[in-house]
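Let me begin by presenting the structure, written as structure tokens, before commenting on it.
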Amino acid sequence: MVNSHKPTLGVLVLLLLTPLTNFAAEAAPEKTEVTGEYRYTFHDPETPSDALTLACREAWRLAVTESAPYRDQTANVVDSVLLREVANNLVTKYVKDQQILEQFQQGKTVTCRVRGTLVVDESVKAIRTQLAGEPSGADNLDQNRSLKILAVRDEANGTISIEYQALRRLDWLNTNYQGGLRETADIMVDFYDDQKFLIRTERYPARRSVSGDDVMNPGATGVLKVAKPLAAKTYRVWLVK
């Protein structure tokens with residue numbers, strides 16, 4: 001009688017443990033491997049050590065920017081400075097199991113090859129959070145060679161008030177701005193929904209002073225009124241560098 005119960009007890013224990021094992025496997029976070037390689041040719045007075053440090057830093061950046069989570073979440077972002085900040089944040093805080101697979105020097109050229117892993121869900125959350133940010137305030141007002149953002153305020157009627165200052169002469173009546181200057185004389189606004197997805201990016205020319213003049217001399221200020229999309233929960237005001 002005693003022996004006849006042993007197989008039954010063993011089967012019962014096995015049945016109890018199997019769901020727990022499956023649950024643990026299903027609960028494991030999804031990970032993705034990231035790899036990057038960067039070659040850099042250095043010149044005096046740079047040292048080989050400094051060059052290798054730079055090459056490995058860029059290799060890690062490439063590993064992140066070529067990963068699926070980064071590409072999917074930043075596909076519609078055009079702010080190159082923000083994109084680099086997002087990549088650097090992932091490298092320093094979210095890339096696990098970091099390994100330098102290879103680093104060597106041939107003449108004046110150094111190479112670094114790296115590998116690590118990203119936890120997909122936490123990486124996506126980190127990217128969305130950084131892209132969405134918070135409504136611009138005094139601590140993160142932007143500036144480039146043409147403009148400076150002085151203040152950003154939410155108004156009761158669903159608009160954003162952006163006060164800006166010209167750092168160089170902007171004559172919209174007589175000058176056909178092209179290329180870099182044309183871009184740096186525009187104010188960019190990114191709008192995000194409640195899930196921190198980018199809804200769209202809008203571009204607005206900083207073309208009028210407070211008095212309504214189309215010519216802005218250095219030091220002149222202007223105010224831009226921007227209507228927020230109905231689905232927008234957060235936004236970010238920035239300037240092209």
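So you can find residues: chains in the structure tokens are A, B, ... in the order shown, residues in each start at 1, and ligands are numbered from 1 in order.
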
Please provide as number ranges by chain all residues within 10 Å of Val91 in chain A, with the sequence filter that same-chain residues fewer than 4 positions apart are discarded (counting only C-alpha atoms). A: 57, 60-65, 85-87, 95-96, 98, 116, 118

Strand (DSSP E or B) positions in range 20-196 of chain A, given as a PyMOL selection string: chain A and resi 31-41+95-106+109-119+143+147-154+159-166+170-171+186-192

Could you write those residues out with C-alpha atoms, as a short mmCIF file (atom, residue, chain, number, x, y, z; two decimals), in the first residue's frame?
```cif
data_model
loop_
_atom_site.label_atom_id
_atom_site.label_comp_id
_atom_site.auth_asym_id
_atom_site.auth_seq_id
_atom_site.Cartn_x
_atom_site.Cartn_y
_atom_site.Cartn_z
CA LYS A 31 15.73 41.15 -23.89
CA THR A 32 17.49 42.06 -27.11
CA GLU A 33 21.19 41.88 -27.87
CA VAL A 34 22.88 45.05 -29.10
CA THR A 35 26.24 45.21 -30.86
CA GLY A 36 28.30 48.05 -32.24
CA GLU A 37 31.63 48.65 -33.93
CA TYR A 38 33.42 51.95 -34.50
CA ARG A 39 36.69 52.88 -36.23
CA TYR A 40 38.40 56.17 -35.53
CA THR A 41 41.51 57.73 -37.06
CA VAL A 95 22.51 48.43 -21.40
CA LYS A 96 23.20 45.30 -19.34
CA ASP A 97 26.01 42.75 -19.58
CA GLN A 98 28.32 45.24 -21.29
CA GLN A 99 31.31 43.61 -22.96
CA ILE A 100 34.14 45.05 -25.04
CA LEU A 101 34.69 42.24 -27.53
CA GLU A 102 37.66 43.75 -29.32
CA GLN A 103 39.77 46.89 -29.35
CA PHE A 104 42.95 47.34 -31.32
CA GLN A 105 45.13 49.86 -33.14
CA GLN A 106 46.50 49.76 -36.69
CA THR A 109 43.29 53.97 -36.69
CA VAL A 110 41.69 52.36 -33.66
CA THR A 111 38.72 49.98 -33.61
CA CYS A 112 36.34 49.05 -30.81
CA ARG A 113 33.62 46.38 -30.95
CA VAL A 114 31.08 45.97 -28.13
CA ARG A 115 28.09 43.84 -27.13
CA GLY A 116 25.36 44.11 -24.48
CA THR A 117 21.65 43.56 -23.87
CA LEU A 118 18.63 45.82 -23.48
CA VAL A 119 15.50 44.89 -21.56
CA GLN A 143 19.03 78.61 -27.42
CA LEU A 147 17.24 82.68 -31.13
CA LYS A 148 16.83 82.26 -27.40
CA ILE A 149 13.65 80.96 -25.75
CA LEU A 150 12.89 83.25 -22.80
CA ALA A 151 9.70 81.69 -21.42
CA VAL A 152 7.09 79.04 -22.19
CA ARG A 153 3.64 79.20 -20.57
CA ASP A 154 0.40 77.24 -20.79
CA THR A 159 -2.56 77.46 -26.33
CA ILE A 160 1.13 77.69 -25.54
CA SER A 161 2.75 81.11 -25.24
CA ILE A 162 6.42 81.10 -26.28
CA GLU A 163 8.47 84.24 -25.67
CA TYR A 164 11.70 84.44 -27.66
CA GLN A 165 14.57 86.82 -28.36
CA ALA A 166 16.57 87.38 -31.54
CA LEU A 170 16.27 88.51 -38.78
CA ASP A 171 14.72 90.35 -41.73
CA ASP A 186 12.37 78.56 -36.55
CA ILE A 187 10.81 77.44 -33.27
CA MET A 188 10.06 73.70 -33.08
CA VAL A 189 7.35 72.13 -30.90
CA ASP A 190 6.92 68.37 -30.33
CA PHE A 191 3.49 67.22 -29.12
CA TYR A 192 2.98 63.91 -27.24
#
```

Given only C-alpha atoms as the counted atoms, nearest of A:Met216, A:Ala185, A:Val237, A:Ala51 to Glu202 in chain A: A:Val237

Restricting to only C-alpha atoms, whichever of A:Ser80, A:Thr221, A:Ser123, A:Asn88 is closest to Leu167 in chain A is A:Thr221
